[in-house]
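Asker: First the structure, which I've put down as structure tokens, then a few questions once you've had a look.
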Amino acid sequence: MGDRRSGMVQSFGYPQNSSIVSRAVAAAAANNHHSNRTRGRGSKRYSVSVFYSMAAEQDIEVVDDLATAQKSLRELKTKISSQSKKNFMRERDVRFLDARIGLLIQNRMALDEQHEVASRLEDNEDDGVNQYPDERRMQQYGNLFYLLQSEPRHIAILCRLVNLSEIDTLLQTVMFTLYGNQYESREEHLLLTMFQNVLAAQFETTTEFASLLRANTPVSRMMTTYTRRGPGQSYLKSVLSDKINQLLDHESLNLQINPLKVYEELVAQMESEMGCLPADFPRSVTAEVASTNPTVISMIRPRLETLMDIANSFLSTIINSLDQIPYGIRWICKQIRSLTKRKYPDATEHAIASLIGGFFFLRFVNPAIVTPQAYMLVDGIPGANSRITLTLLAKMLQNLANKPSYAKESYMIPTNPFVEKNKKRTNKFLNDLCEVVDFYEQLEMDQYMALSKKDIMINITPNEIYNTLSLIQQHLSILSPNPNDHLRILISEVGIIPAQVPRKENKQIELPLYSRWEMPIQDLTMSLMSENNITQNDILYMEAKSIFVQIIRSLPYLGRPPLKLHMIAETAGTAKDAQLVHKGIKVKEMLCELEEAGVIDRRDGHQFLVEEITQELAHLGDLKLKVMEELQSLENVYKTIIDHNNYLKSQLEIFKAYLQNVRMQSGAGVTANNSSKKQMVGIGVEVNDAKHAKKGSKAATVQGPFKFSHQQLERDGIIAETDVPENRRHHIYMTISSPLPGTFIISLHYKGRDKPVLEIDLKLDDLLEKQQDNVQVLDLEYLKLNVSRTLQLLTKTFMSRNRTGFFS
């Protein structure tokens, strides 16, 4: 019977050593271990059969709409996970460079710091041949990272031990590499288990209730980073994007309610209209004086009403999206509530809700509202008025979750009615967030099923490996105090940890993960079968059902009720397709064997088996609809992630261009060896090949002018505002040339005229400084240009024409 079973398993496409049957049996055994249900023969076989169906859902042989959609979905999820990691890394680079560019603008960066910045800008795309460690090293790393992945407690402890300067690099490895498959239940549940360990320790060591989860610690950074994974980003996009974009459509809407700021608006307005201020109207006053000014009060009153209406709308949208919130976010909220009740049994419901809100609003929702461009919710950068409104909305939502729930700033006190009115429904929502089932049984099933997989793999860079090993070795006495601990054994085998490799050599490699100590899956399966009274007839029954489902998926017309199993087997056995013939013959033999064993009865039309096959087909039909819906949703998410990646790349290009100009002008970019081909090229400089240059000729030539129509610039969002009458816009065009590094001549022309209508000399420094100061537009008298998009245009136009590249 054993040989026969092996043959049947292999016959429909599953290798014997990674049998999907073994996975199903293991999963069912894990479930039965926890189940209190009655164990009649029928219910037991049905339970096992259900888990077999779960394991066999993604059939590798059947090619139908469901299989095609599932394959596309798996590929898309892999691409999202991979791209999310790239975006996370680029965001880190942009944040670092954004802070440094200010020093460059002020000429306060030393030469060695410029080299450090330059290293951040080196291209690190996945091209060329990856350098893999030798086979012995790969095996050691695979064993170690399997242990770290499957036993999250080690990473949980490590995350609490590292300092703030080390946490971002570690989180990159944990969130986007070790548990990088963001849509795979086993990895997600292991990651959440790690969170549970971290949170439990945080509650244990924190002495003040008010500081729980609010201080900037490695733990709070972990929680924020978790929300940036694919499911969290997808939720924010689907729920908040439309609301925020509607707000941005009304850029002229000014909802500033800070009396001091409103007073400044009033001063500017009076000076504009009257030319000067009345003698009894001071230019500068205190916040207290401004708040009592009758005109200021009258300006704030309608703004306050509008602001609270918008805040109500945002809050309702969030509360109504409860079912869309990712499971992981809700489960973390559940752990916060559970841990709070255990450590502070006298804590009020409001106090507990404030801690949950401290994660959900402070770490997840509000950052996306305040900086929607960073979360890919909007295309451009919000204008000044919109930024003020979004900041005020975030403060109002946060005040709902604060304890005590009053506003910290005095000018926010008038929004307290919004807080009082919505406190009850917000607390209910925050508690409802926690109402999700635990995943422990599912995780145990996933872990059993993972034992049968020989293709557990992560994409990781050498520096991620070396950095993680270095941190573990640094804290080994705490992580693994016992000499016989598996972690200590594996670390000792690794030996000396290699040094970090240069950025250009830090290419991703595929690292297969293996366990050193798990029981072989064949032995485990037989043991579990014995423990749970799962017989060979149960296995035979499950395989027969699976093959019938495969046949009907391949020949859908056979699925019309009533199902006649012998006829279905006969039809497949006489088909033209060799695989179908093989399946038909096998399943016909299985039917006879099951009938002889008394498991099914031909006289009742194999009723029990027919019912299960029908249910399975119905489940697959529902599954197809869900897969198609998820595929469509994630395609939008992937497009957004790619768009954000392109934006980040354009920012890096701008920083790169500016750095090159600075280094060229300071002489830092001149190569010592004239024969070297490596030259740095700034925006506006085209380098001629020295081999073809005539003696005494100039190395740099003026680039441009390049011509752009008014219509093109308006369409691309480069023109933010225009005073040119619509009937004359088709006569207007702009030219841009670059006579010197970092210098641009922008000319506005009217067709038919020799001289430009307007000509300005623009420095790259000035544009970058405007961007640094959040100045949105560049005023050209007749036109106002969007600063960010103008920078992108200059980078694209002039950098792309530098034949030698950036740092080539």
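Note on naming: chains are A, B, ... as they come in the structure tokens, residues start from 1 per chain, ligands start from 1 in the order shown.
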Env of stretch 775-786 of chain A: 12 Å cut, atoms = only C-alpha atoms, seq-sep filter 2 positions within chain, self excluded. Answer as a ChimeraX atom specification.

Answerer: /A:380-385,387,710,713-714,716-725,729,732-734,746-749,757-762,766-773,788-793

Asker: Would you list the contacts of A:Asp65 as a VMD selection string, taking every protein, DNA or RNA residue within 12 Å and counting only C-alpha atoms, but skipping same-chain residues closer than 5 positions in sequence?

Answerer: chain A and resid 58 to 59 70 to 72 553 to 554 556 620 to 621 623 to 625 627 to 628

Asker: Would you export the selected residues with N, CA and C atoms as a short mmCIF file (atom, residue, chain, number, x, y, z; two decimals), in the first residue's frame, please?

Answerer:
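Final file, selection-v3.cif:
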data_model
loop_
_atom_site.label_atom_id
_atom_site.label_comp_id
_atom_site.auth_asym_id
_atom_site.auth_seq_id
_atom_site.Cartn_x
_atom_site.Cartn_y
_atom_site.Cartn_z
N GLN A 58 -3.53 25.52 -4.55
CA GLN A 58 -2.75 26.05 -5.66
C GLN A 58 -2.13 24.89 -6.43
N ASP A 59 -2.89 24.34 -7.35
CA ASP A 59 -2.47 23.16 -8.08
C ASP A 59 -1.50 23.56 -9.19
N GLN A 70 -4.09 32.83 -9.76
CA GLN A 70 -3.28 32.59 -8.57
C GLN A 70 -1.79 32.78 -8.86
N LYS A 71 -1.37 32.31 -10.03
CA LYS A 71 0.03 32.48 -10.41
C LYS A 71 0.38 33.97 -10.55
N SER A 72 -0.52 34.71 -11.21
CA SER A 72 -0.29 36.16 -11.37
C SER A 72 -0.27 36.85 -10.02
N ARG A 553 -11.63 20.51 -13.06
CA ARG A 553 -11.08 21.83 -13.41
C ARG A 553 -10.51 21.82 -14.82
N SER A 554 -9.96 20.69 -15.24
CA SER A 554 -9.42 20.60 -16.60
C SER A 554 -10.51 20.40 -17.64
N PRO A 556 -14.26 21.27 -17.45
CA PRO A 556 -15.34 21.84 -16.64
C PRO A 556 -16.72 21.26 -16.90
N LEU A 620 -13.62 26.73 -4.66
CA LEU A 620 -12.68 27.22 -5.66
C LEU A 620 -13.30 28.32 -6.52
N GLY A 621 -14.62 28.20 -6.78
CA GLY A 621 -15.31 29.25 -7.52
C GLY A 621 -15.30 30.57 -6.75
N LEU A 623 -13.20 31.29 -4.44
CA LEU A 623 -11.80 31.67 -4.33
C LEU A 623 -11.35 32.43 -5.57
N LYS A 624 -11.83 32.01 -6.73
CA LYS A 624 -11.46 32.68 -7.98
C LYS A 624 -11.89 34.14 -7.95
N LEU A 625 -13.11 34.40 -7.49
CA LEU A 625 -13.60 35.78 -7.41
C LEU A 625 -12.73 36.60 -6.45
N VAL A 627 -9.63 36.00 -5.59
CA VAL A 627 -8.29 36.17 -6.16
C VAL A 627 -8.29 37.29 -7.20
N MET A 628 -9.32 37.32 -8.05
CA MET A 628 -9.41 38.35 -9.08
C MET A 628 -9.55 39.74 -8.45
#

Asker: For a test of reading the model, state the distance in Å between atom CA of A:His566 and atom CA of A:Ala67, rounded to one decimal.

Answerer: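 According to the coordinates, atom CA of A:His566 and atom CA of A:Ala67 are separated by 25.5 Å.
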
Asker: Using DSSP on the backbone coordinates, identify all residues within stretch 214-451 of chain A classified as helix (DSSP H, G or I); present the result as a PyMOL selection string.

Answerer: chain A and resi 218-227+230-248+259-274+287-292+294-319+322-324+327-343+349-370+372-375+384-401+410-433+440-451

Asker: Report, in Å with one decimal, the straight-line distance from atom CA of A:Ile80 to atom CA of A:Lys243.

Answerer: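 Atom-to-atom, atom CA of A:Ile80 and atom CA of A:Lys243 are spaced 24.4 Å apart.
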
Asker: What separation in Å, quoted to one decimal, exists between atom CA of A:Leu555 and atom CA of A:Ala575?

Answerer: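 Separation between atom CA of A:Leu555 and atom CA of A:Ala575: 10.0 Å.
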
Asker: Identify, on the basis of only C-alpha atoms, every residue whose closest approach to stretch 184-192 of chain A does not exceed 8 Å; exclude the query and any residue fewer than 3 positions from it along the same chain; express the result as a VMD selection string.

Answerer: chain A and resid 149 to 152 175 179 to 181 195 to 196 328 331 to 332 439 443 446 to 447

Asker: Which parts of stretch 381-625 of chain A does DSSP call strand (DSSP E or B) when run on the backbone here, written out as a PyMOL selection string?

Answerer: chain A and resi 457-460+509-512

Asker: Please list as number ranges by chain every residue within 8 Å of A:Leu144, counting only C-alpha atoms and excluding residues in the same chain fewer than 4 positions away.

Answerer: A: 140, 148, 487, 490-491

Asker: Keeping N, CA and C atoms, export the residues of the selection given above as a short mmCIF file (atom, residue, chain, number, x, y, z; two decimals), in the first residue's frame.

Answerer:
data_model
loop_
_atom_site.label_atom_id
_atom_site.label_comp_id
_atom_site.auth_asym_id
_atom_site.auth_seq_id
_atom_site.Cartn_x
_atom_site.Cartn_y
_atom_site.Cartn_z
N GLN A 140 25.81 27.52 6.15
CA GLN A 140 25.82 28.06 7.51
C GLN A 140 24.84 29.23 7.65
N LEU A 148 16.59 32.04 12.90
CA LEU A 148 16.11 33.38 13.25
C LEU A 148 14.68 33.61 12.78
N LEU A 487 21.39 28.74 18.66
CA LEU A 487 21.90 29.99 18.09
C LEU A 487 23.40 30.12 18.34
N LEU A 490 25.38 27.78 16.01
CA LEU A 490 25.45 28.24 14.62
C LEU A 490 26.38 29.45 14.48
N ILE A 491 26.35 30.36 15.44
CA ILE A 491 27.21 31.54 15.38
C ILE A 491 28.68 31.13 15.50
#

Asker: As a PyMOL selection string, please: the residues near A:Pro414 (cut-off 8 Å, only C-alpha atoms, same-chain neighbours under 3 positions excluded).

Answerer: chain A and resi 304+411+417

Asker: Name the closest residue to A:Gln182 among the candidates A:Tyr141, A:Tyr226, A:Phe203, A:Trp517; distances are taken between atoms, counting only C-alpha atoms.

Answerer: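 Of all the options, A:Tyr226 lies closest to A:Gln182.
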
Asker: For A:Thr571, find every residue with an atom within 12 Å (counting only C-alpha atoms), except residues of its own chain fewer than 4 positions away, and show them as a list in words.

Answerer: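 Skipping anything fewer than 4 positions along the chain leaves Phe548, Ile551, Ile552, Ser554, Leu555, Tyr557, Leu558, Lys564, Leu565, His566, Met567, Ala575, Lys576, Asp577, Leu580, Val581, His582, Lys583, Gly584, Ile585, Val587 and Lys588 of chain A.
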
Asker: Which neighbours of A:Arg337 fall inside 8 Å, counting only C-alpha atoms, when residues of the same chain fewer than 5 positions from it are skipped, and could you give them as a PDB file with N, CA, C and O atoms, in the first residue's frame?

Answerer:
ATOM      1  N   ILE A 352      -7.056  52.574  28.237  1.00  0.00           N
ATOM      2  CA  ILE A 352      -6.618  51.494  27.341  1.00  0.00           C
ATOM      3  C   ILE A 352      -6.778  51.933  25.882  1.00  0.00           C
ATOM      4  O   ILE A 352      -5.888  51.717  25.050  1.00  0.00           O
ATOM      5  N   ALA A 353      -7.915  52.586  25.600  1.00  0.00           N
ATOM      6  CA  ALA A 353      -8.152  53.060  24.231  1.00  0.00           C
ATOM      7  C   ALA A 353      -7.095  54.082  23.819  1.00  0.00           C
ATOM      8  O   ALA A 353      -6.697  54.138  22.646  1.00  0.00           O
ATOM      9  N   LEU A 355      -3.949  54.077  24.610  1.00  0.00           N
ATOM     10  CA  LEU A 355      -2.741  53.358  24.201  1.00  0.00           C
ATOM     11  C   LEU A 355      -2.911  52.737  22.813  1.00  0.00           C
ATOM     12  O   LEU A 355      -1.994  52.760  21.990  1.00  0.00           O
ATOM     13  N   ILE A 356      -4.088  52.172  22.572  1.00  0.00           N
ATOM     14  CA  ILE A 356      -4.348  51.603  21.240  1.00  0.00           C
ATOM     15  C   ILE A 356      -4.287  52.711  20.194  1.00  0.00           C
ATOM     16  O   ILE A 356      -3.679  52.557  19.122  1.00  0.00           O
ATOM     17  N   CYS A 434      -9.578  45.454  18.128  1.00  0.00           N
ATOM     18  CA  CYS A 434      -8.923  44.326  18.814  1.00  0.00           C
ATOM     19  C   CYS A 434      -9.680  43.014  18.655  1.00  0.00           C
ATOM     20  O   CYS A 434      -9.173  41.959  19.064  1.00  0.00           O
TER      21      CYS A 434
END
